[in-house]
Every structure is written in C-alpha cells, then in structure tokens.
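To be precise, the following lines are my_file_23.txt, and they hold compact mmCIF, C-alpha atoms.
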# COMPACT_ATOMS: atom_id res chain seq x y z
CA MET A 97 60.19 6.03 21.63
CA GLN A 98 60.64 5.26 17.95
CA LEU A 99 57.42 6.02 16.08
CA LYS A 100 56.62 3.83 13.12
CA GLN A 101 56.40 5.61 9.79
CA GLN A 102 52.79 6.48 9.11
CA ARG A 103 51.37 5.77 5.70
CA GLY A 104 50.98 8.97 3.68
CA GLN A 105 47.66 10.66 3.02
CA LEU A 106 46.06 10.55 -0.42
CA ILE A 107 44.67 13.97 -1.29
CA ILE A 108 42.12 13.96 -4.11
CA LEU A 109 41.91 17.57 -5.28
CA SER A 110 39.37 19.20 -7.57
CA GLY A 111 38.12 22.67 -8.33
CA PRO A 112 37.26 24.93 -11.24
CA SER A 113 39.84 26.29 -13.62
CA GLY A 114 41.06 29.60 -12.14
CA ALA A 115 40.43 28.57 -8.52
CA GLY A 116 44.18 28.26 -8.05
CA LYS A 117 44.75 24.50 -7.59
CA GLY A 118 48.13 24.54 -9.31
CA THR A 119 49.47 27.58 -7.43
CA VAL A 120 48.33 26.20 -4.07
CA CYS A 121 49.89 22.77 -4.77
CA GLN A 122 53.21 24.24 -5.91
CA ALA A 123 53.40 26.50 -2.84
CA ALA A 124 52.49 23.62 -0.50
CA MET A 125 55.15 21.36 -2.06
CA ALA A 126 57.76 24.10 -1.67
CA HIS A 127 56.93 24.03 2.10
CA SER A 128 57.01 20.29 2.60
CA SER A 129 59.32 17.64 1.14
CA SER A 130 56.83 14.90 2.05
CA LEU A 131 54.12 16.30 -0.27
CA LYS A 132 54.13 15.10 -3.89
CA ILE A 133 51.86 15.42 -6.90
CA SER A 134 51.16 12.14 -8.64
CA ILE A 135 52.67 11.83 -12.13
CA SER A 136 50.25 10.85 -14.91
CA ALA A 137 50.89 8.43 -17.75
CA THR A 138 50.21 9.57 -21.32
CA THR A 139 50.52 8.39 -24.92
CA ARG A 140 51.26 11.87 -26.26
CA ALA A 141 54.85 12.58 -27.28
CA PRO A 142 57.19 14.43 -24.91
CA ARG A 143 57.37 18.18 -25.61
CA GLY A 144 60.53 20.26 -25.30
CA GLU A 145 62.49 19.32 -22.18
CA GLU A 146 59.88 16.90 -20.79
CA LYS A 147 61.43 13.75 -19.27
CA ASP A 148 59.88 10.33 -18.68
CA GLY A 149 58.99 9.96 -14.99
CA VAL A 150 59.21 13.71 -14.32
CA GLU A 151 56.36 15.52 -16.13
CA TYR A 152 54.70 12.27 -17.32
CA PHE A 153 55.29 8.58 -17.75
CA PHE A 154 55.40 8.30 -21.55
CA LEU A 155 53.87 5.09 -22.96
CA ASP A 156 52.93 3.98 -26.46
CA GLU A 157 49.31 3.16 -27.19
CA ALA A 158 49.77 -0.64 -26.96
CA GLU A 159 51.47 -0.34 -23.55
CA PHE A 160 48.78 2.01 -22.30
CA GLU A 161 45.93 -0.24 -23.44
CA LYS A 162 47.60 -3.29 -21.87
CA LYS A 163 47.75 -1.39 -18.58
CA ILE A 164 44.08 -0.46 -18.88
CA GLU A 165 43.25 -4.18 -19.21
CA GLU A 166 45.42 -4.98 -16.18
CA GLY A 167 43.51 -2.41 -14.12
CA ALA A 168 46.72 -0.45 -13.59
CA PHE A 169 45.04 2.98 -13.65
CA LEU A 170 43.02 4.62 -10.90
CA GLU A 171 41.31 6.53 -13.72
CA TYR A 172 42.06 7.27 -17.34
CA ALA A 173 40.59 9.24 -20.24
CA LYS A 174 41.22 9.80 -23.95
CA VAL A 175 41.58 13.48 -24.82
CA HIS A 176 42.33 14.64 -28.42
CA ASP A 177 43.38 11.10 -29.44
CA HIS A 178 45.83 10.70 -26.54
CA TYR A 179 45.39 8.67 -23.39
CA TYR A 180 46.00 10.16 -19.95
CA GLY A 181 45.83 8.08 -16.76
CA THR A 182 46.81 7.90 -13.09
CA PRO A 183 49.04 4.87 -12.44
CA LYS A 184 47.82 3.06 -9.32
CA ALA A 185 51.15 1.40 -8.42
CA HIS A 186 53.02 4.75 -8.56
CA VAL A 187 50.52 6.37 -6.17
CA LEU A 188 50.42 3.43 -3.73
CA GLN A 189 54.23 3.21 -3.62
CA MET A 190 54.59 6.89 -2.66
CA LEU A 191 51.93 6.47 0.05
CA ASP A 192 53.78 3.41 1.44
CA GLU A 193 56.96 5.50 1.59
CA GLY A 194 55.07 7.95 3.86
CA MET A 195 54.59 10.62 1.19
CA ASN A 196 51.39 12.64 1.09
CA VAL A 197 50.24 12.40 -2.52
CA ILE A 198 48.08 14.93 -4.34
CA LEU A 199 45.88 13.69 -7.17
CA GLU A 200 44.38 16.46 -9.30
CA ILE A 201 41.15 14.98 -10.63
CA ASP A 202 37.98 16.45 -12.12
CA VAL A 203 34.74 16.33 -10.13
CA GLN A 204 33.47 13.30 -12.07
CA GLY A 205 36.46 11.15 -11.14
CA ALA A 206 37.18 12.22 -7.56
CA ALA A 207 34.46 10.35 -5.67
CA GLN A 208 34.99 7.26 -7.88
CA ILE A 209 38.67 7.09 -6.95
CA LYS A 210 37.90 7.33 -3.24
CA GLU A 211 35.30 4.58 -3.60
CA LYS A 212 37.65 2.39 -5.65
CA LEU A 213 40.54 2.70 -3.19
CA GLY A 214 38.47 2.84 -0.01
CA PHE A 215 40.47 5.84 1.25
CA GLY A 216 41.49 9.36 0.30
CA ILE A 217 40.70 12.90 1.41
CA LEU A 218 38.40 14.74 -0.99
CA ILE A 219 39.32 18.44 -1.12
CA PHE A 220 37.59 21.03 -3.29
CA ILE A 221 39.45 24.29 -4.00
CA ALA A 222 36.94 27.12 -4.46
CA PRO A 223 37.51 30.74 -5.47
CA PRO A 224 36.43 33.37 -2.90
CA SER A 225 33.64 34.49 -5.26
CA ILE A 226 32.41 34.15 -8.83
CA GLU A 227 33.62 37.69 -9.57
CA VAL A 228 37.16 36.87 -8.43
CA LEU A 229 37.14 33.67 -10.50
CA LYS A 230 36.19 35.59 -13.66
CA GLU A 231 38.80 38.26 -12.89
CA ARG A 232 41.50 35.59 -12.56
CA LEU A 233 40.54 33.95 -15.86
CA VAL A 234 40.50 37.33 -17.65
CA ASN A 235 43.86 38.38 -16.11
CA ARG A 236 45.55 35.19 -17.35
CA GLN A 237 45.10 36.53 -20.90
CA THR A 238 45.27 32.98 -22.28
CA ASP A 239 41.61 32.42 -23.11
CA SER A 240 39.21 33.98 -25.62
CA ASP A 241 35.94 35.50 -24.37
CA ALA A 242 34.11 32.39 -25.55
CA GLN A 243 36.55 30.13 -23.68
CA ILE A 244 36.15 32.21 -20.51
CA GLN A 245 32.38 31.94 -20.80
CA LEU A 246 32.67 28.16 -21.16
CA ARG A 247 35.04 27.95 -18.16
CA MET A 248 32.59 30.01 -16.05
CA LYS A 249 29.73 27.71 -17.03
CA ASN A 250 31.82 24.65 -16.12
CA ALA A 251 32.84 26.31 -12.84
CA MET A 252 29.20 26.71 -11.80
CA SER A 253 28.47 23.06 -12.47
CA GLU A 254 31.64 22.00 -10.60
CA LEU A 255 30.79 24.22 -7.60
CA LYS A 256 27.50 22.35 -7.28
CA GLN A 257 29.54 19.23 -6.48
CA ALA A 258 31.69 20.95 -3.81
CA THR A 259 29.44 19.89 -0.94
CA GLN A 260 30.12 16.23 -1.77
CA TYR A 261 33.78 16.73 -0.85
CA ASP A 262 35.15 16.18 2.66
CA TYR A 263 36.68 19.66 2.72
CA VAL A 264 36.31 22.94 0.86
CA ILE A 265 39.30 25.29 0.82
CA VAL A 266 38.25 28.80 -0.16
CA ASN A 267 41.31 30.25 -1.88
CA ASN A 268 41.24 33.85 -0.63
CA THR A 269 45.03 34.03 -0.60
CA VAL A 270 47.63 31.41 -1.48
CA ASP A 271 49.15 31.54 2.04
CA GLN A 272 45.80 30.90 3.69
CA ALA A 273 44.88 28.12 1.26
CA VAL A 274 48.26 26.40 1.76
CA ALA A 275 47.88 26.66 5.55
CA ASP A 276 44.40 25.11 5.24
CA LEU A 277 45.76 22.26 3.10
CA GLU A 278 48.60 21.61 5.57
CA ALA A 279 46.17 21.68 8.51
CA ILE A 280 43.90 19.15 6.79
CA ILE A 281 46.81 16.77 6.14
CA ARG A 282 48.06 17.11 9.74
CA ALA A 283 44.56 16.69 11.19
CA GLU A 284 43.90 13.61 9.07
CA GLN A 285 47.10 12.05 10.45
CA CYS A 286 45.52 12.50 13.91
CA ARG A 287 42.30 10.66 12.90
CA SER A 288 41.80 7.89 15.42
CA GLN A 289 41.83 5.19 12.73
CA ASN A 290 45.36 6.34 11.86
CA ASN A 291 46.51 5.88 15.47
CA LEU A 292 45.10 2.47 16.29
CA GLU A 293 48.54 0.83 16.37
CA ILE A 294 50.03 3.13 18.99
CA ILE A 295 46.93 2.74 21.18
CA GLU A 296 46.96 -1.04 20.79
CA GLU A 297 50.64 -1.16 21.69
CA MET A 298 49.92 0.69 24.95
CA LEU A 299 47.14 -1.75 25.81
CA MET A 300 49.31 -4.84 25.30
CA MET B 252 34.87 40.15 0.03
CA GLN B 253 33.60 40.27 3.61
CA LEU B 254 33.46 36.77 5.05
CA LYS B 255 30.71 36.04 7.53
CA GLN B 256 31.88 35.07 11.00
CA GLN B 257 31.99 31.30 11.23
CA ARG B 258 30.52 29.61 14.25
CA GLY B 259 33.22 28.35 16.60
CA GLN B 260 34.18 24.71 16.93
CA LEU B 261 33.25 22.72 20.04
CA ILE B 262 36.21 20.59 21.11
CA ILE B 263 35.31 17.76 23.47
CA LEU B 264 38.61 16.70 25.04
CA SER B 265 39.37 13.60 27.10
CA GLY B 266 42.42 11.62 28.11
CA PRO B 267 44.03 9.95 31.10
CA SER B 268 45.42 11.89 34.01
CA GLY B 269 49.07 12.61 33.18
CA ALA B 270 48.54 12.67 29.40
CA GLY B 271 48.94 16.44 29.50
CA LYS B 272 45.46 17.79 28.65
CA GLY B 273 45.83 20.84 30.89
CA THR B 274 49.31 21.79 29.65
CA VAL B 275 48.30 21.40 26.00
CA CYS B 276 45.12 23.49 26.48
CA GLN B 277 46.95 26.29 28.31
CA ALA B 278 49.66 26.44 25.63
CA ALA B 279 47.08 26.41 22.82
CA MET B 280 45.10 29.22 24.48
CA ALA B 281 48.26 31.28 24.85
CA HIS B 282 48.64 31.00 21.03
CA SER B 283 45.09 31.86 20.06
CA SER B 284 42.71 34.43 21.50
CA SER B 285 39.76 32.66 19.87
CA LEU B 286 40.28 29.46 21.90
CA LYS B 287 38.55 29.23 25.29
CA ILE B 288 37.98 26.57 27.93
CA SER B 289 34.39 26.31 29.09
CA ILE B 290 33.81 27.43 32.70
CA SER B 291 32.03 24.92 34.92
CA ALA B 292 29.32 25.69 37.48
CA THR B 293 29.74 24.34 41.02
CA THR B 294 28.08 24.43 44.44
CA ARG B 295 31.38 24.30 46.32
CA ALA B 296 32.52 27.54 47.97
CA PRO B 297 35.11 29.74 46.24
CA ARG B 298 38.67 29.11 47.46
CA GLY B 299 41.29 31.83 47.93
CA GLU B 300 41.21 34.29 45.06
CA GLU B 301 38.64 32.40 42.94
CA LYS B 302 36.09 34.71 41.29
CA ASP B 303 32.59 33.93 40.01
CA GLY B 304 32.66 33.59 36.23
CA VAL B 305 36.43 33.16 36.11
CA GLU B 306 37.42 29.81 37.67
CA TYR B 307 33.80 28.68 38.15
CA PHE B 308 30.22 29.91 38.16
CA PHE B 309 29.38 29.62 41.88
CA LEU B 310 25.78 28.58 42.59
CA ASP B 311 23.98 27.43 45.73
CA GLU B 312 22.43 23.99 45.80
CA ALA B 313 18.85 25.19 45.12
CA GLU B 314 19.98 27.22 42.10
CA PHE B 315 22.00 24.30 40.76
CA GLU B 316 19.13 21.82 41.15
CA LYS B 317 16.70 24.25 39.48
CA LYS B 318 19.10 24.43 36.52
CA ILE B 319 19.32 20.64 36.38
CA GLU B 320 15.50 20.52 36.10
CA GLU B 321 15.59 23.16 33.36
CA GLY B 322 18.09 21.05 31.39
CA ALA B 323 20.63 23.87 31.62
CA PHE B 324 23.65 21.54 31.87
CA LEU B 325 25.33 19.61 29.08
CA GLU B 326 26.45 17.23 31.83
CA TYR B 327 26.73 17.37 35.61
CA ALA B 328 27.93 15.19 38.47
CA LYS B 329 28.00 15.25 42.26
CA VAL B 330 31.49 14.74 43.66
CA HIS B 331 32.20 14.82 47.43
CA ASP B 332 28.76 16.38 48.15
CA HIS B 333 29.24 19.21 45.62
CA TYR B 334 27.70 19.57 42.20
CA TYR B 335 29.80 20.30 39.13
CA GLY B 336 28.25 20.96 35.72
CA THR B 337 28.83 22.38 32.23
CA PRO B 338 26.38 25.24 31.54
CA LYS B 339 24.90 24.78 28.05
CA ALA B 340 24.01 28.46 27.47
CA HIS B 341 27.56 29.60 28.32
CA VAL B 342 29.07 27.15 25.81
CA LEU B 343 26.58 27.95 23.03
CA GLN B 344 27.06 31.70 23.48
CA MET B 345 30.84 31.45 23.08
CA LEU B 346 30.39 29.30 19.94
CA ASP B 347 27.98 31.87 18.49
CA GLU B 348 30.59 34.56 19.12
CA GLY B 349 32.98 32.56 16.92
CA MET B 350 35.07 31.22 19.80
CA ASN B 351 36.46 27.70 19.67
CA VAL B 352 35.45 26.15 22.98
CA ILE B 353 37.25 23.32 24.76
CA LEU B 354 35.21 21.07 27.04
CA GLU B 355 37.33 18.78 29.22
CA ILE B 356 35.11 15.77 29.84
CA ASP B 357 35.75 12.21 31.00
CA VAL B 358 35.39 9.34 28.53
CA GLN B 359 31.91 8.44 29.83
CA GLY B 360 30.50 11.91 29.13
CA ALA B 361 32.21 12.85 25.85
CA ALA B 362 30.21 10.81 23.34
CA GLN B 363 26.96 11.65 25.19
CA ILE B 364 27.58 15.38 24.84
CA LYS B 365 28.26 15.06 21.11
CA GLU B 366 25.08 13.04 20.70
CA LYS B 367 23.04 15.49 22.80
CA LEU B 368 24.23 18.54 20.87
CA GLY B 369 24.51 16.93 17.44
CA PHE B 370 27.97 18.44 16.92
CA GLY B 371 31.42 18.61 18.47
CA ILE B 372 34.90 17.30 17.71
CA LEU B 373 35.90 14.39 19.94
CA ILE B 374 39.65 14.54 20.68
CA PHE B 375 41.53 12.07 22.86
CA ILE B 376 44.90 13.14 24.27
CA ALA B 377 47.14 10.09 24.70
CA PRO B 378 50.62 9.81 26.25
CA PRO B 379 53.38 8.58 23.89
CA SER B 380 53.62 5.35 25.90
CA ILE B 381 52.51 3.74 29.15
CA GLU B 382 56.06 4.13 30.51
CA VAL B 383 56.05 7.89 29.84
CA LEU B 384 52.62 8.22 31.47
CA LYS B 385 53.83 6.51 34.65
CA GLU B 386 57.00 8.61 34.65
CA ARG B 387 54.93 11.83 34.41
CA LEU B 388 52.66 10.78 37.27
CA VAL B 389 55.65 9.85 39.45
CA ASN B 390 57.50 13.10 38.63
CA ARG B 391 54.51 15.21 39.68
CA GLN B 392 55.18 14.07 43.27
CA THR B 393 51.55 14.74 44.20
CA ASP B 394 50.22 11.17 44.35
CA SER B 395 50.94 8.20 46.61
CA ASP B 396 52.04 4.89 45.06
CA ALA B 397 48.49 3.56 45.55
CA GLN B 398 47.02 6.63 43.81
CA ILE B 399 49.47 6.24 40.90
CA GLN B 400 48.50 2.58 40.57
CA LEU B 401 44.81 3.57 40.48
CA ARG B 402 45.49 6.29 37.89
CA MET B 403 47.38 3.80 35.71
CA LYS B 404 44.51 1.33 35.93
CA ASN B 405 42.04 4.08 34.96
CA ALA B 406 44.34 5.18 32.13
CA MET B 407 44.26 1.69 30.60
CA SER B 408 40.47 1.61 30.67
CA GLU B 409 40.30 5.15 29.19
CA LEU B 410 42.78 4.26 26.42
CA LYS B 411 40.42 1.47 25.34
CA GLN B 412 37.87 4.18 24.49
CA ALA B 413 40.34 6.28 22.43
CA THR B 414 39.35 4.68 19.13
CA GLN B 415 35.79 5.95 19.59
CA TYR B 416 37.06 9.51 19.33
CA ASP B 417 37.31 11.43 16.05
CA TYR B 418 40.97 12.23 16.67
CA VAL B 419 43.80 10.98 18.86
CA ILE B 420 46.60 13.43 19.67
CA VAL B 421 49.68 11.60 20.91
CA ASN B 422 51.36 14.06 23.27
CA ASN B 423 55.03 13.46 22.50
CA THR B 424 55.88 17.12 23.08
CA VAL B 425 53.65 20.05 24.03
CA ASP B 426 54.59 21.96 20.84
CA GLN B 427 53.64 19.03 18.60
CA ALA B 428 50.40 18.36 20.48
CA VAL B 429 49.40 22.06 20.31
CA ALA B 430 50.17 22.13 16.57
CA ASP B 431 48.01 19.00 16.13
CA LEU B 432 45.14 20.61 18.06
CA GLU B 433 45.39 23.80 16.02
CA ALA B 434 45.49 21.81 12.75
CA ILE B 435 42.37 19.88 13.76
CA ILE B 436 40.45 23.09 14.53
CA ARG B 437 41.57 24.69 11.26
CA ALA B 438 40.77 21.57 9.23
CA GLU B 439 37.32 21.25 10.80
CA GLN B 440 36.60 24.84 9.75
CA CYS B 441 37.30 23.67 6.16
CA ARG B 442 34.79 20.77 6.42
CA SER B 443 32.40 21.16 3.50
CA GLN B 444 29.34 21.36 5.79
CA ASN B 445 30.96 24.46 7.35
CA ASN B 446 31.28 26.12 3.93
CA LEU B 447 27.84 25.53 2.46
CA GLU B 448 26.86 29.20 2.69
CA ILE B 449 29.76 30.54 0.67
CA ILE B 450 29.20 27.89 -2.03
CA GLU B 451 25.45 28.61 -2.13
CA GLU B 452 26.15 32.34 -2.45
CA MET B 453 28.30 31.68 -5.51
CA LEU B 454 25.59 29.57 -7.11
CA MET B 455 22.88 32.23 -6.66

What would you get if you wrote out this structure as structure tokens?
Amino acid sequence: MQLKQQRGQLIILSGPSGAGKGTVCQAAMAHSSSLKISISATTRAPRGEEKDGVEYFFLDEAEFEKKIEEGAFLEYAKVHDHYYGTPKAHVLQMLDEGMNVILEIDVQGAAQIKEKLGFGILIFIAPPSIEVLKERLVNRQTDSDAQIQLRMKNAMSELKQATQYDYVIVNNTVDQAVADLEAIIRAEQCRSQNNLEIIEEMLM
Amino acid sequence: MQLKQQRGQLIILSGPSGAGKGTVCQAAMAHSSSLKISISATTRAPRGEEKDGVEYFFLDEAEFEKKIEEGAFLEYAKVHDHYYGTPKAHVLQMLDEGMNVILEIDVQGAAQIKEKLGFGILIFIAPPSIEVLKERLVNRQTDSDAQIQLRMKNAMSELKQATQYDYVIVNNTVDQAVADLEAIIRAEQCRSQNNLEIIEEMLM
C-alpha cells in the first residue's frame, strides 16, 4: 500500500544559553535528511561567506516592514537596530513538503507561535544541572564573568517556564538528547490525529 | 549527576485481532528488559506447563470474588464460566520499579482504565489496510470462514474507536511498529510533567 506523505512536524525549541540547543540540532540534522532548521529573515548585512537563503534571508528595512504589515512573520524582533523574523511561508512550505522543521525561539515567543498556528510541538532543552550549565558557559571562554552571571540569571528565569512546554529534554549527553528528540518526532507522527486519514480509508 | 529512577509508563494497548498486537509486544520485549506485559489473574485451571505467576495468577472462584469486592482489579470479565482480571497491585508495583508495563485490553475497557487510574498511554495497533487484515486472518489457518467474517466485523467496529486513543501505530512491518512503540515510550518519558522534579531541583 502506498502511504500518503505525512505533513512534517513543527518543533518549537527553547532553552537557556549553554543547554546545548545548537549542538543537539546539528547532530539531529546530520542523522536525518527530513529535519531542517527554519531560516530567519534579517535586515543586517551579510557577513563573510553568508548567502541569501542559506544562513538568512537578507531583506532591506522597507521590505522587512512591508512583510510585517502583511503578517508574513510568525514572530519578529528588533535587536541592535536590525530586524530578525521567522518567515511564515518558508516554514509552512517545508512542513507541506513533509520536512520536520525546527524553530529556535525564546521562551516568550514559543507558546505564542503555537497558539498563532494552532499546532507545533513545544520542546524545552534543559541542562542536566545548574552546575553543568555554568561549567559549559565558562568552558566556552567567549563570555566575561559579568556576561556569564547574566546568562545564569536568564537561565533560571527560562527554566521556570520549562513546565509549560510539551516536552523537556534533559541534555545529559548529545547522543541521548538527539535520541529523545527523534523519539518525540516519531511519536508525534503516531498521534491519532495524525492518522485519521488511514483509519477513515479503512472504514470506507 | 545521579538521576532518580523514573516511574515506568503504563501502556494500554488495543487493536483488532490480526493487527499484530502480540507479535509487536513480543518483539518489543525482546529489545528491552524494562518492558513487561501485565500478568492476568484467572479462575481457569492451569494447562500443560503453565505456572502460577508466569502465564497467569491462578485463583479459585472465592479468592477471585473476594478480590473483586476489594477493588483489586483494574478490570475483570467472566468468559466461558471463568473469571479473568488485571490485578491492580501487580501493575502498580512494576511501574514503581521503573518497568514500562503493557496492558492488552479491548476497546471497551481501555479508556475506562485510563480514567480509573488517572494515567496511562492509550495506543491502538491498526493493520495497514482492511485487505491486509483479512489476509493475515486467513493465513493463520486457525479460524473458519464464519469466524473470520465475525472478526472482520469486530475489527471495523474497533477501528471506529481508534481516534479516541492517544496514538495509532499502523503495523506495516513488525520492525517499524516496534520502533514506533519504543519512540512513544521514550517520548512520554520526556513529557514535561515527567520532568518536574529535575527542573524544580535546579530552581532550588
């Protein structure tokens, strides 16, 4: 029997800086060709080798603001005088093609996007402990002590929101966290509301 | 960090005769030592090599009826003059030990058990198509034509209930169905309500 292509899953991912979101996503995408991270739009200029449609969709300010008016973004924000946004059409097209799409969004935006779209899997990536989180931030050697303190404070306030997510992946090891993410995507594809068609076909 | 042992998941499994519930469960248990099928109690006599506490818990009628009065069964039924029941204490003990416990229950009983306990993952195992289901029943060579017709009629009425389940596993192949079952168990362990303790510990 030929199975119809299922619509992809939208994965709305949050978690504190240092929890390992980026590493887990990269490792999961290396495993599965049907998993993609959504590309953001921005008004900042391309840096170095950055290409339009690869790292970002590069727009000028007038284009970006027109798209805001058209409701073309799932969410957007202005950071250091530049706009950043998640293009709705880009995300929906990948889902229609059967791709599972990861959206990395802060805790403020995540629930709003799920409400706006009416679907999406909310996943929070947590560190195994506060001590490990601090260790990871220190070992990066990219932040000053003051920056690390700020990140730790933000992490605590983000962790308070974790229970509002559908799932919490505790990132003990990358392999385990990737396996958790893959299991969640596979399980969500088995949700009964995602299998109504095949059941209805049998009952015809 | 030492993780606390998580409580096991209760998997309430239904599906038409011929959908492959038994085969999928046996294959999944062969993969994972933490997955167990709940043992039923019965008043029928042991057959052949059957041992108490292995195939069934063997009780006499007075013992069984006393347990009914005590509310010791999650569900029970009398079939051909013999009682069959699911002992609540046995199931809860395995869950406390961290085992994932499968309960094979008909569509009438499944939702009631979840409601009674307040937890449990409802999984429906469906055949890939009605044609494949009939083929499997015919190939078994254990049923008469009349019995197969009755089973097909029952299957249609059971399939109508599938959408009431949390998950539907379409059993195209045993390997795929086992992988789906394993993904569901793993994903459910990531549900945020199953990770409240670790989050609370970090916030202390």

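When all atoms listed in the file are used to compute distances to chain B, the closest of the residues A:Gln208, A:Thr259, A:Asn268, A:Gln237 turns out to be A:Thr259.
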
Determine, using only C-alpha atoms, which residues of chain A have any atom at most 10 Å from an atom of chain B, and tabulate each with its shortest atom pair and distance in Å to one decimal place, rows ordered by chain and then rising number, as CSV.
residue,atom,partner,partner_atom,distance
A:Met97,CA,B:Pro379,CA,7.6
A:Gln98,CA,B:Pro379,CA,10.0
A:Leu99,CA,B:Pro379,CA,9.2
A:Leu218,CA,B:Ser443,CA,9.9
A:Ile219,CA,B:Ser443,CA,8.8
A:Phe220,CA,B:Ser443,CA,8.5
A:Ala222,CA,B:Ile450,CA,8.1
A:Pro223,CA,B:Met453,CA,9.3
A:Pro224,CA,B:Met252,CA,7.5
A:Ser225,CA,B:Met453,CA,6.0
A:Ile226,CA,B:Met453,CA,5.8
A:Glu227,CA,B:Met453,CA,9.0
A:Val228,CA,B:Met252,CA,9.4
A:Ala251,CA,B:Leu454,CA,9.8
A:Met252,CA,B:Leu454,CA,6.6
A:Ser253,CA,B:Leu454,CA,8.9
A:Leu255,CA,B:Ile450,CA,6.9
A:Lys256,CA,B:Leu454,CA,7.5
A:Gln257,CA,B:Ile450,CA,9.7
A:Ala258,CA,B:Ser443,CA,7.3
A:Thr259,CA,B:Ser443,CA,5.5
A:Gln260,CA,B:Ser443,CA,7.6
A:Tyr261,CA,B:Ser443,CA,6.4
A:Asp262,CA,B:Ser443,CA,5.8
A:Tyr263,CA,B:Arg442,CA,4.3
A:Val264,CA,B:Ser443,CA,5.0
A:Ile265,CA,B:Cys441,CA,5.9
A:Val266,CA,B:Cys441,CA,8.2
A:Asn268,CA,B:Met252,CA,9.0
A:Ala275,CA,B:Arg437,CA,8.7
A:Asp276,CA,B:Ala438,CA,6.5
A:Leu277,CA,B:Ala438,CA,7.9
A:Glu278,CA,B:Ala434,CA,7.8
A:Ala279,CA,B:Ala434,CA,4.3
A:Ile280,CA,B:Ala438,CA,4.6
A:Ile281,CA,B:Ala438,CA,8.3
A:Arg282,CA,B:Ala434,CA,6.1
A:Ala283,CA,B:Ile435,CA,4.6
A:Glu284,CA,B:Ile435,CA,8.0
A:Gln285,CA,B:Tyr418,CA,8.7
A:Cys286,CA,B:Tyr418,CA,5.3
A:Arg287,CA,B:Tyr418,CA,4.3
A:Ser288,CA,B:Tyr418,CA,4.6
A:Gln289,CA,B:Thr414,CA,6.9
A:Asn290,CA,B:Val419,CA,8.5
A:Asn291,CA,B:Val419,CA,6.7
A:Leu292,CA,B:Thr414,CA,6.8
A:Ile294,CA,B:Pro379,CA,8.1
A:Ile295,CA,B:Leu410,CA,6.9
A:Glu296,CA,B:Lys411,CA,8.4
A:Glu297,CA,B:Ser380,CA,8.3
A:Met298,CA,B:Ile381,CA,5.8
A:Leu299,CA,B:Met407,CA,6.6
A:Met300,CA,B:Met407,CA,9.8

- Task: Considering only C-alpha atoms, return as JSON, numbers by chain whatever protein or nucleic-acid residues lie within 12 Å of Lys212 of chain A, sequence-local ones (same chain, fewer than 5 positions apart) excluded.
- Result: {"A": [167, 169, 170, 171, 184, 205, 206, 207]}

- Query: Which value, in Å to one decimal, gives the distance between atom CA of Val275 of chain B and atom CA of Thr424 of chain B?
  - Reply: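 Spanning atom CA of Val275 of chain B to atom CA of Thr424 of chain B is a straight-line distance of 9.2 Å.
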
- For atom CA of Glu409 of chain B and atom CA of Ile263 of chain B, quote the distance in Å rounded to one decimal. 14.7 Å

Kindly list the centre and edge lengths in Å, rounded to one decimal, for the axis-aligned box that covers all listed atoms of segment 149-163 of chain A plus 4 Å on each of its six sides, as AutoDock Vina command-line options.
--center_x 52.6 --center_y 6.1 --center_z -20.8 --size_x 21.3 --size_y 26.8 --size_z 20.9

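Every protein, DNA or RNA residue with an atom at most 12 Å from segment 145-154 of chain A, where only C-alpha atoms count and chain neighbours fewer than 4 positions away do not, is listed here: A:Lys132, A:Ile133, A:Ser134, A:Ile135, A:Ser136, A:Ala137, A:Thr138, A:Thr139, A:Arg140, A:Ala141, A:Ala158, A:Glu159, A:Phe160, A:His178, A:Tyr179, A:Tyr180, A:Gly181, A:Thr182, A:Pro183, A:His186.
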
Starting from the incomplete input, reconstruct N, CA and C atoms of segment 283-295 of chain A and report them as a PDB file, in the frame of the given file.
ATOM      1  N   ALA A 283      45.720  17.151  10.422  1.00  0.00           N
ATOM      2  CA  ALA A 283      44.560  16.690  11.190  1.00  0.00           C
ATOM      3  C   ALA A 283      44.202  15.259  10.803  1.00  0.00           C
ATOM      4  N   GLU A 284      44.259  14.958   9.513  1.00  0.00           N
ATOM      5  CA  GLU A 284      43.900  13.610   9.070  1.00  0.00           C
ATOM      6  C   GLU A 284      44.867  12.564   9.630  1.00  0.00           C
ATOM      7  N   GLN A 285      46.134  12.979   9.831  1.00  0.00           N
ATOM      8  CA  GLN A 285      47.100  12.050  10.450  1.00  0.00           C
ATOM      9  C   GLN A 285      46.730  11.769  11.907  1.00  0.00           C
ATOM     10  N   CYS A 286      45.979  12.689  12.523  1.00  0.00           N
ATOM     11  CA  CYS A 286      45.520  12.500  13.910  1.00  0.00           C
ATOM     12  C   CYS A 286      44.212  11.721  13.991  1.00  0.00           C
ATOM     13  N   ARG A 287      43.560  11.442  12.877  1.00  0.00           N
ATOM     14  CA  ARG A 287      42.300  10.660  12.900  1.00  0.00           C
ATOM     15  C   ARG A 287      42.527   9.392  13.707  1.00  0.00           C
ATOM     16  N   SER A 288      41.552   9.024  14.528  1.00  0.00           N
ATOM     17  CA  SER A 288      41.800   7.890  15.420  1.00  0.00           C
ATOM     18  C   SER A 288      42.125   6.617  14.655  1.00  0.00           C
ATOM     19  N   GLN A 289      41.520   6.423  13.475  1.00  0.00           N
ATOM     20  CA  GLN A 289      41.830   5.190  12.730  1.00  0.00           C
ATOM     21  C   GLN A 289      43.280   5.148  12.259  1.00  0.00           C
ATOM     22  N   ASN A 290      43.947   6.317  12.229  1.00  0.00           N
ATOM     23  CA  ASN A 290      45.360   6.340  11.860  1.00  0.00           C
ATOM     24  C   ASN A 290      46.286   6.188  13.069  1.00  0.00           C
ATOM     25  N   ASN A 291      45.703   6.019  14.249  1.00  0.00           N
ATOM     26  CA  ASN A 291      46.510   5.880  15.470  1.00  0.00           C
ATOM     27  C   ASN A 291      46.156   4.639  16.262  1.00  0.00           C
ATOM     28  N   LEU A 292      45.511   3.692  15.589  1.00  0.00           N
ATOM     29  CA  LEU A 292      45.100   2.470  16.290  1.00  0.00           C
ATOM     30  C   LEU A 292      46.304   1.694  16.816  1.00  0.00           C
ATOM     31  N   GLU A 293      47.370   1.636  15.996  1.00  0.00           N
ATOM     32  CA  GLU A 293      48.540   0.830  16.370  1.00  0.00           C
ATOM     33  C   GLU A 293      49.169   1.292  17.672  1.00  0.00           C
ATOM     34  N   ILE A 294      49.347   2.610  17.790  1.00  0.00           N
ATOM     35  CA  ILE A 294      50.030   3.130  18.990  1.00  0.00           C
ATOM     36  C   ILE A 294      49.161   2.896  20.228  1.00  0.00           C
ATOM     37  N   ILE A 295      47.841   3.001  20.059  1.00  0.00           N
ATOM     38  CA  ILE A 295      46.930   2.740  21.180  1.00  0.00           C
ATOM     39  C   ILE A 295      46.971   1.254  21.557  1.00  0.00           C
TER      40      ILE A 295
END
